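*Asks:* This is the structure I have questions about; it appears just below.
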Amino acid sequence: MSLICRILCGFMLCFFGWISIVVATATNDWVVTCRYGLHTCKKMDELGVKGLWAECFISTSLYHCVTLNQILDLPAYLQTARALMTTASIIGLPSLLLLMTALPCVRLGEETQATKQKRAVLGGVLNLLISLCGIVSTVWFPIGVHYEDHLMTFGFSLYAGWVGSVMCLLGGSMMTCCSGGRHHSQQGKNHFYYSKHSGTANSLGPSAALKGSETTSPITEPEEGRGTFSIHVCTEEQTSIS
C-alpha cells in the first residue's frame with residue numbers, strides 16, 4: 001500500500017509541477033522593474049513588468065506591452081530562459097504519459113512489473129530534467145534583470161516557475177528512487193507456486209535455499225475417493241529447470 005501511495009503522490013507532484021511550469025512559460029509577469037517608488041513610477045510611466053515574451057508598462061490610465069521579437073538583440077539570460085522553459089514544457093507531456101502508464105491501476109497487455117518500473121524511472125528522470133531547466137531559468141532571469149534594470153519585486157510567473165520546479169524535483173525523485181525495485185526483488189526470492197496434478201498441490205518456499213534438498217510433508221491423511229495434498233520444497237536450481 002505504501003508503494004502505491006508513493007507512486008500516486010509522485011505522479012500528482014509531477015503533474016501539478018508541469019502545469020505550473022507551463023503557466024510560468026506562457027505568462028509575462030516574471031519581474032517588476034522600477035527605479036523609484038511604486039506610485040512615482042506609475043505617474044512617470046516607468047513601472048514595467050517583464051517576462052519571456054513581452055515587456056509591459058503600467059501607468060495610471062494605460063497598460064501596454066511591447067513584444068520581444070528581435071531574437072538577435074535580446075540578452076543572453078532571456079534567450080536561455082526561453083529555450084529552457086520551452087524545452088521543459090515540451091518534455092513534460094511525454095513524461096506524464098510514461099508516469100500515467102506506470103500507475104498500478106493501468107496495465108498494457110501482458111506487461112510485467114519490471115516494465116512498469118522502467119517506465120516510472122524514465123518518467124522520473126524526465127521530470128528531474130524539467131526541474132533543472134525550471135530552476136536555472138527562474139534563478140538566472142531575475143539576476144540578469146537586476147544587472148540590466150532596477151529590479152523592484154518578483155512577479156506571479158516567477159513564483160509559479162519556482163513552485164513547479166520544486167514539485168517536479170520532488171515528484172521525479174519519488175518516481176526514480178522509490179519505484180519499488182527493492183520490494184519486487186525481495187518478492188522474487190520468496191515466491192510461491194501452486195500446481196494441481198492428480199490431486200497434488202506443490203508450493204515453492206524460501207526454506208529450500210537452506211535445506212538444499214527435496215522434502216515431502218503430508219498435510220492431511222488421504223481419504224477414500226480423494227487425492228493427497230502435499231508440499232514439495234525445491235531448490236532454486238530445480239525451480240529454474242521447471
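By convention in this document, the chains of the C-alpha cells carry letters A, B, ... by their order, each chain's residues are numbered from 1, and ligands are numbered from 1 in the order they are shown.
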Excluding segment 79-84 of chain A and its own-chain neighbours fewer than 5 positions away, which residues fall within 12 Å of it when counting only C-alpha atoms? Please give them as a ChimeraX atom specification.

*Replies:* /A:21-22,24-28,30,51-54,68-74,89-91,129-145,158,161

*Asks:* Output C-alpha atoms for every residue in that selection, as a PDB file, in the first residue's frame.

*Replies:*
```
ATOM      1  CA  ILE A  21       5.922  25.352 -15.492  1.00  0.00           C
ATOM      2  CA  VAL A  22       3.568  25.830 -18.449  1.00  0.00           C
ATOM      3  CA  ALA A  24       5.147  30.413 -15.951  1.00  0.00           C
ATOM      4  CA  THR A  25       6.273  29.968 -19.551  1.00  0.00           C
ATOM      5  CA  ALA A  26       3.089  31.371 -21.094  1.00  0.00           C
ATOM      6  CA  THR A  27       2.718  34.461 -18.868  1.00  0.00           C
ATOM      7  CA  ASN A  28       4.896  37.581 -18.720  1.00  0.00           C
ATOM      8  CA  TRP A  30       8.062  37.490 -14.098  1.00  0.00           C
ATOM      9  CA  GLY A  51       8.628  38.331 -18.958  1.00  0.00           C
ATOM     10  CA  LEU A  52       9.971  35.911 -21.513  1.00  0.00           C
ATOM     11  CA  TRP A  53       7.928  37.132 -24.472  1.00  0.00           C
ATOM     12  CA  ALA A  54       6.944  40.737 -23.781  1.00  0.00           C
ATOM     13  CA  LEU A  68      10.243  40.962 -27.573  1.00  0.00           C
ATOM     14  CA  ASN A  69      10.532  39.532 -31.081  1.00  0.00           C
ATOM     15  CA  GLN A  70      14.051  40.695 -32.006  1.00  0.00           C
ATOM     16  CA  ILE A  71      15.852  37.490 -31.110  1.00  0.00           C
ATOM     17  CA  LEU A  72      19.369  38.626 -32.014  1.00  0.00           C
ATOM     18  CA  ASP A  73      19.091  41.777 -29.896  1.00  0.00           C
ATOM     19  CA  LEU A  74      17.844  40.047 -26.753  1.00  0.00           C
ATOM     20  CA  SER A  89       7.066  22.430 -21.245  1.00  0.00           C
ATOM     21  CA  ILE A  90       7.528  20.113 -24.235  1.00  0.00           C
ATOM     22  CA  ILE A  91       9.257  17.317 -22.280  1.00  0.00           C
ATOM     23  CA  LEU A 129      15.357  17.344 -16.232  1.00  0.00           C
ATOM     24  CA  ILE A 130      12.272  19.594 -16.246  1.00  0.00           C
ATOM     25  CA  SER A 131      13.086  20.697 -12.725  1.00  0.00           C
ATOM     26  CA  LEU A 132      16.661  21.513 -13.699  1.00  0.00           C
ATOM     27  CA  CYS A 133      15.506  23.640 -16.645  1.00  0.00           C
ATOM     28  CA  GLY A 134      12.997  25.476 -14.468  1.00  0.00           C
ATOM     29  CA  ILE A 135      15.444  26.185 -11.654  1.00  0.00           C
ATOM     30  CA  VAL A 136      18.127  27.543 -13.990  1.00  0.00           C
ATOM     31  CA  SER A 137      15.624  29.779 -15.801  1.00  0.00           C
ATOM     32  CA  THR A 138      13.854  31.173 -12.747  1.00  0.00           C
ATOM     33  CA  VAL A 139      17.108  31.908 -10.944  1.00  0.00           C
ATOM     34  CA  TRP A 140      19.116  33.339 -13.831  1.00  0.00           C
ATOM     35  CA  PHE A 141      16.318  35.561 -15.188  1.00  0.00           C
ATOM     36  CA  PRO A 142      15.885  37.867 -12.130  1.00  0.00           C
ATOM     37  CA  ILE A 143      19.659  38.079 -11.716  1.00  0.00           C
ATOM     38  CA  GLY A 144      20.014  39.227 -15.326  1.00  0.00           C
ATOM     39  CA  VAL A 145      17.199  41.765 -14.954  1.00  0.00           C
ATOM     40  CA  LEU A 158       8.360  33.622 -11.342  1.00  0.00           C
ATOM     41  CA  GLY A 161       8.095  28.631 -12.001  1.00  0.00           C
TER      42      GLY A 161
END
```

*Asks:* With DSSP run on the backbone, what are the alpha helix (DSSP H) residues within segment 128-173 of chain A? I'd like them as a PDB file with N, CA and C atoms, in the first residue's frame.

*Replies:*
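File written: states_39.pdb
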```
ATOM      1  N   LEU A 128      13.014  15.216 -13.513  1.00  0.00           N
ATOM      2  CA  LEU A 128      14.204  15.839 -12.928  1.00  0.00           C
ATOM      3  C   LEU A 128      14.847  16.799 -13.917  1.00  0.00           C
ATOM      4  N   LEU A 129      14.842  16.439 -15.203  1.00  0.00           N
ATOM      5  CA  LEU A 129      15.357  17.344 -16.232  1.00  0.00           C
ATOM      6  C   LEU A 129      14.494  18.605 -16.342  1.00  0.00           C
ATOM      7  N   ILE A 130      13.173  18.441 -16.248  1.00  0.00           N
ATOM      8  CA  ILE A 130      12.272  19.594 -16.246  1.00  0.00           C
ATOM      9  C   ILE A 130      12.563  20.504 -15.065  1.00  0.00           C
ATOM     10  N   SER A 131      12.775  19.907 -13.916  1.00  0.00           N
ATOM     11  CA  SER A 131      13.086  20.697 -12.725  1.00  0.00           C
ATOM     12  C   SER A 131      14.389  21.465 -12.883  1.00  0.00           C
ATOM     13  N   LEU A 132      15.382  20.830 -13.480  1.00  0.00           N
ATOM     14  CA  LEU A 132      16.661  21.513 -13.699  1.00  0.00           C
ATOM     15  C   LEU A 132      16.498  22.708 -14.635  1.00  0.00           C
ATOM     16  N   CYS A 133      15.744  22.528 -15.711  1.00  0.00           N
ATOM     17  CA  CYS A 133      15.506  23.640 -16.645  1.00  0.00           C
ATOM     18  C   CYS A 133      14.767  24.776 -15.959  1.00  0.00           C
ATOM     19  N   GLY A 134      13.760  24.444 -15.146  1.00  0.00           N
ATOM     20  CA  GLY A 134      12.997  25.476 -14.468  1.00  0.00           C
ATOM     21  C   GLY A 134      13.812  26.231 -13.434  1.00  0.00           C
ATOM     22  N   ILE A 135      14.641  25.525 -12.688  1.00  0.00           N
ATOM     23  CA  ILE A 135      15.444  26.185 -11.654  1.00  0.00           C
ATOM     24  C   ILE A 135      16.457  27.138 -12.282  1.00  0.00           C
ATOM     25  N   VAL A 136      17.135  26.679 -13.333  1.00  0.00           N
ATOM     26  CA  VAL A 136      18.127  27.543 -13.990  1.00  0.00           C
ATOM     27  C   VAL A 136      17.466  28.794 -14.562  1.00  0.00           C
ATOM     28  N   SER A 137      16.301  28.632 -15.182  1.00  0.00           N
ATOM     29  CA  SER A 137      15.624  29.779 -15.801  1.00  0.00           C
ATOM     30  C   SER A 137      15.134  30.773 -14.764  1.00  0.00           C
ATOM     31  N   THR A 138      14.459  30.277 -13.728  1.00  0.00           N
ATOM     32  CA  THR A 138      13.854  31.173 -12.747  1.00  0.00           C
ATOM     33  C   THR A 138      14.872  31.809 -11.811  1.00  0.00           C
ATOM     34  N   VAL A 139      16.063  31.283 -11.758  1.00  0.00           N
ATOM     35  CA  VAL A 139      17.108  31.908 -10.944  1.00  0.00           C
ATOM     36  C   VAL A 139      17.943  32.878 -11.768  1.00  0.00           C
ATOM     37  N   TRP A 140      18.262  32.496 -12.990  1.00  0.00           N
ATOM     38  CA  TRP A 140      19.116  33.339 -13.831  1.00  0.00           C
ATOM     39  C   TRP A 140      18.375  34.578 -14.336  1.00  0.00           C
ATOM     40  N   PHE A 141      17.073  34.438 -14.618  1.00  0.00           N
ATOM     41  CA  PHE A 141      16.318  35.561 -15.188  1.00  0.00           C
ATOM     42  C   PHE A 141      16.292  36.777 -14.257  1.00  0.00           C
ATOM     43  N   PRO A 142      15.888  36.667 -12.982  1.00  0.00           N
ATOM     44  CA  PRO A 142      15.885  37.867 -12.130  1.00  0.00           C
ATOM     45  C   PRO A 142      17.281  38.435 -11.882  1.00  0.00           C
ATOM     46  N   ILE A 143      18.294  37.566 -11.879  1.00  0.00           N
ATOM     47  CA  ILE A 143      19.659  38.079 -11.716  1.00  0.00           C
ATOM     48  C   ILE A 143      20.050  38.926 -12.924  1.00  0.00           C
ATOM     49  N   GLY A 144      19.712  38.454 -14.127  1.00  0.00           N
ATOM     50  CA  GLY A 144      20.014  39.227 -15.326  1.00  0.00           C
ATOM     51  C   GLY A 144      19.255  40.537 -15.384  1.00  0.00           C
ATOM     52  N   VAL A 145      17.980  40.528 -14.974  1.00  0.00           N
ATOM     53  CA  VAL A 145      17.199  41.765 -14.954  1.00  0.00           C
ATOM     54  C   VAL A 145      17.748  42.738 -13.926  1.00  0.00           C
ATOM     55  N   HIS A 146      18.236  42.230 -12.810  1.00  0.00           N
ATOM     56  CA  HIS A 146      18.785  43.096 -11.767  1.00  0.00           C
ATOM     57  C   HIS A 146      20.018  43.851 -12.263  1.00  0.00           C
ATOM     58  N   TYR A 147      20.847  43.174 -13.039  1.00  0.00           N
ATOM     59  CA  TYR A 147      22.035  43.851 -13.573  1.00  0.00           C
ATOM     60  C   TYR A 147      21.688  44.778 -14.736  1.00  0.00           C
ATOM     61  N   GLU A 148      20.614  44.486 -15.463  1.00  0.00           N
ATOM     62  CA  GLU A 148      20.244  45.310 -16.609  1.00  0.00           C
ATOM     63  C   GLU A 148      19.324  46.465 -16.224  1.00  0.00           C
ATOM     64  N   PHE A 156       4.171  37.047 -10.390  1.00  0.00           N
ATOM     65  CA  PHE A 156       3.446  35.790 -10.200  1.00  0.00           C
ATOM     66  C   PHE A 156       4.060  34.657 -11.009  1.00  0.00           C
ATOM     67  N   SER A 157       4.469  34.940 -12.224  1.00  0.00           N
ATOM     68  CA  SER A 157       5.011  33.893 -13.093  1.00  0.00           C
ATOM     69  C   SER A 157       6.288  33.297 -12.535  1.00  0.00           C
ATOM     70  N   LEU A 158       7.114  34.119 -11.910  1.00  0.00           N
ATOM     71  CA  LEU A 158       8.360  33.622 -11.342  1.00  0.00           C
ATOM     72  C   LEU A 158       8.092  32.691 -10.162  1.00  0.00           C
ATOM     73  N   TYR A 159       7.118  33.051  -9.324  1.00  0.00           N
ATOM     74  CA  TYR A 159       6.745  32.165  -8.216  1.00  0.00           C
ATOM     75  C   TYR A 159       6.169  30.854  -8.733  1.00  0.00           C
ATOM     76  N   ALA A 160       5.363  30.937  -9.798  1.00  0.00           N
ATOM     77  CA  ALA A 160       4.822  29.709 -10.388  1.00  0.00           C
ATOM     78  C   ALA A 160       5.939  28.814 -10.921  1.00  0.00           C
ATOM     79  N   GLY A 161       6.959  29.415 -11.516  1.00  0.00           N
ATOM     80  CA  GLY A 161       8.095  28.631 -12.001  1.00  0.00           C
ATOM     81  C   GLY A 161       8.870  27.981 -10.877  1.00  0.00           C
ATOM     82  N   TRP A 162       9.052  28.700  -9.772  1.00  0.00           N
ATOM     83  CA  TRP A 162       9.747  28.109  -8.620  1.00  0.00           C
ATOM     84  C   TRP A 162       8.959  26.948  -8.029  1.00  0.00           C
ATOM     85  N   VAL A 163       7.671  27.156  -7.840  1.00  0.00           N
ATOM     86  CA  VAL A 163       6.841  26.090  -7.272  1.00  0.00           C
ATOM     87  C   VAL A 163       6.815  24.869  -8.183  1.00  0.00           C
ATOM     88  N   GLY A 164       6.660  25.097  -9.493  1.00  0.00           N
ATOM     89  CA  GLY A 164       6.642  23.975 -10.429  1.00  0.00           C
ATOM     90  C   GLY A 164       7.959  23.220 -10.472  1.00  0.00           C
ATOM     91  N   SER A 165       9.075  23.938 -10.381  1.00  0.00           N
ATOM     92  CA  SER A 165      10.381  23.274 -10.401  1.00  0.00           C
ATOM     93  C   SER A 165      10.579  22.409  -9.165  1.00  0.00           C
ATOM     94  N   VAL A 166      10.172  22.920  -8.003  1.00  0.00           N
ATOM     95  CA  VAL A 166      10.321  22.147  -6.763  1.00  0.00           C
ATOM     96  C   VAL A 166       9.412  20.914  -6.794  1.00  0.00           C
ATOM     97  N   MET A 167       8.184  21.078  -7.274  1.00  0.00           N
ATOM     98  CA  MET A 167       7.272  19.937  -7.331  1.00  0.00           C
ATOM     99  C   MET A 167       7.768  18.870  -8.304  1.00  0.00           C
ATOM    100  N   CYS A 168       8.291  19.284  -9.445  1.00  0.00           N
ATOM    101  CA  CYS A 168       8.857  18.301 -10.390  1.00  0.00           C
ATOM    102  C   CYS A 168      10.086  17.616  -9.808  1.00  0.00           C
ATOM    103  N   LEU A 169      10.871  18.359  -9.031  1.00  0.00           N
ATOM    104  CA  LEU A 169      12.039  17.754  -8.397  1.00  0.00           C
ATOM    105  C   LEU A 169      11.636  16.693  -7.384  1.00  0.00           C
ATOM    106  N   LEU A 170      10.648  16.998  -6.552  1.00  0.00           N
ATOM    107  CA  LEU A 170      10.185  16.025  -5.555  1.00  0.00           C
ATOM    108  C   LEU A 170       9.505  14.837  -6.222  1.00  0.00           C
ATOM    109  N   GLY A 171       8.623  15.111  -7.196  1.00  0.00           N
ATOM    110  CA  GLY A 171       7.935  14.014  -7.874  1.00  0.00           C
ATOM    111  C   GLY A 171       8.876  13.135  -8.672  1.00  0.00           C
ATOM    112  N   GLY A 172       9.827  13.742  -9.376  1.00  0.00           N
ATOM    113  CA  GLY A 172      10.796  12.944 -10.129  1.00  0.00           C
ATOM    114  C   GLY A 172      11.683  12.105  -9.228  1.00  0.00           C
ATOM    115  N   SER A 173      12.047  12.652  -8.075  1.00  0.00           N
ATOM    116  CA  SER A 173      12.859  11.886  -7.131  1.00  0.00           C
ATOM    117  C   SER A 173      12.088  10.700  -6.575  1.00  0.00           C
TER     118      SER A 173
END
```

*Asks:* Residues of segment 57-201 of chain A classed as strand (DSSP E) by DSSP on the backbone are to be reported as a tab-separated table (two decimals) with N, CA and C atoms, in the first residue's frame.

*Replies:*
```tsv
chain	number	residue	atom	x	y	z
A	57	PHE	N	4.32	48.03	-19.74
A	57	PHE	CA	4.48	49.26	-18.97
A	57	PHE	C	3.13	49.65	-18.39
A	58	ILE	N	3.14	49.96	-17.11
A	58	ILE	CA	1.90	50.26	-16.39
A	58	ILE	C	1.94	51.72	-15.96
A	63	TYR	N	-2.10	50.54	-19.96
A	63	TYR	CA	-1.32	49.30	-19.81
A	63	TYR	C	-1.02	48.79	-21.21
A	64	HIS	N	0.22	48.91	-21.61
A	64	HIS	CA	0.59	48.48	-22.96
A	64	HIS	C	1.84	47.62	-22.90
A	65	CYS	N	1.94	46.72	-23.84
A	65	CYS	CA	3.04	45.75	-23.86
A	65	CYS	C	3.78	45.85	-25.19
A	66	VAL	N	5.05	45.54	-25.14
A	66	VAL	CA	5.92	45.51	-26.30
A	66	VAL	C	6.45	44.08	-26.45
A	67	THR	N	6.18	43.46	-27.58
A	67	THR	CA	6.62	42.08	-27.80
A	67	THR	C	8.12	42.04	-28.06
A	151	LEU	N	15.55	46.10	-10.49
A	151	LEU	CA	14.54	45.11	-10.10
A	151	LEU	C	13.84	45.56	-8.83
A	152	MET	N	12.51	45.59	-8.90
A	152	MET	CA	11.73	46.02	-7.74
A	152	MET	C	11.21	44.83	-6.95
A	153	THR	N	10.53	43.91	-7.60
A	153	THR	CA	9.97	42.76	-6.92
A	153	THR	C	9.77	41.63	-7.93
A	154	PHE	N	9.44	40.45	-7.41
A	154	PHE	CA	9.17	39.29	-8.26
A	154	PHE	C	7.69	39.25	-8.61
A	195	SER	N	0.55	-25.95	-8.07
A	195	SER	CA	0.16	-26.73	-9.24
A	195	SER	C	-0.71	-27.88	-8.79
A	196	LYS	N	-1.65	-28.21	-9.63
A	196	LYS	CA	-2.58	-29.29	-9.31
A	196	LYS	C	-2.44	-30.39	-10.35
A	197	HIS	N	-1.99	-31.53	-9.90
A	197	HIS	CA	-1.78	-32.65	-10.81
A	197	HIS	C	-2.08	-33.93	-10.05
A	200	THR	N	-2.64	-33.37	-6.35
A	200	THR	CA	-1.50	-32.95	-5.55
A	200	THR	C	-1.21	-31.49	-5.83
A	201	ALA	N	-0.92	-30.69	-4.77
A	201	ALA	CA	-0.58	-29.27	-4.92
A	201	ALA	C	0.82	-29.06	-4.42
```
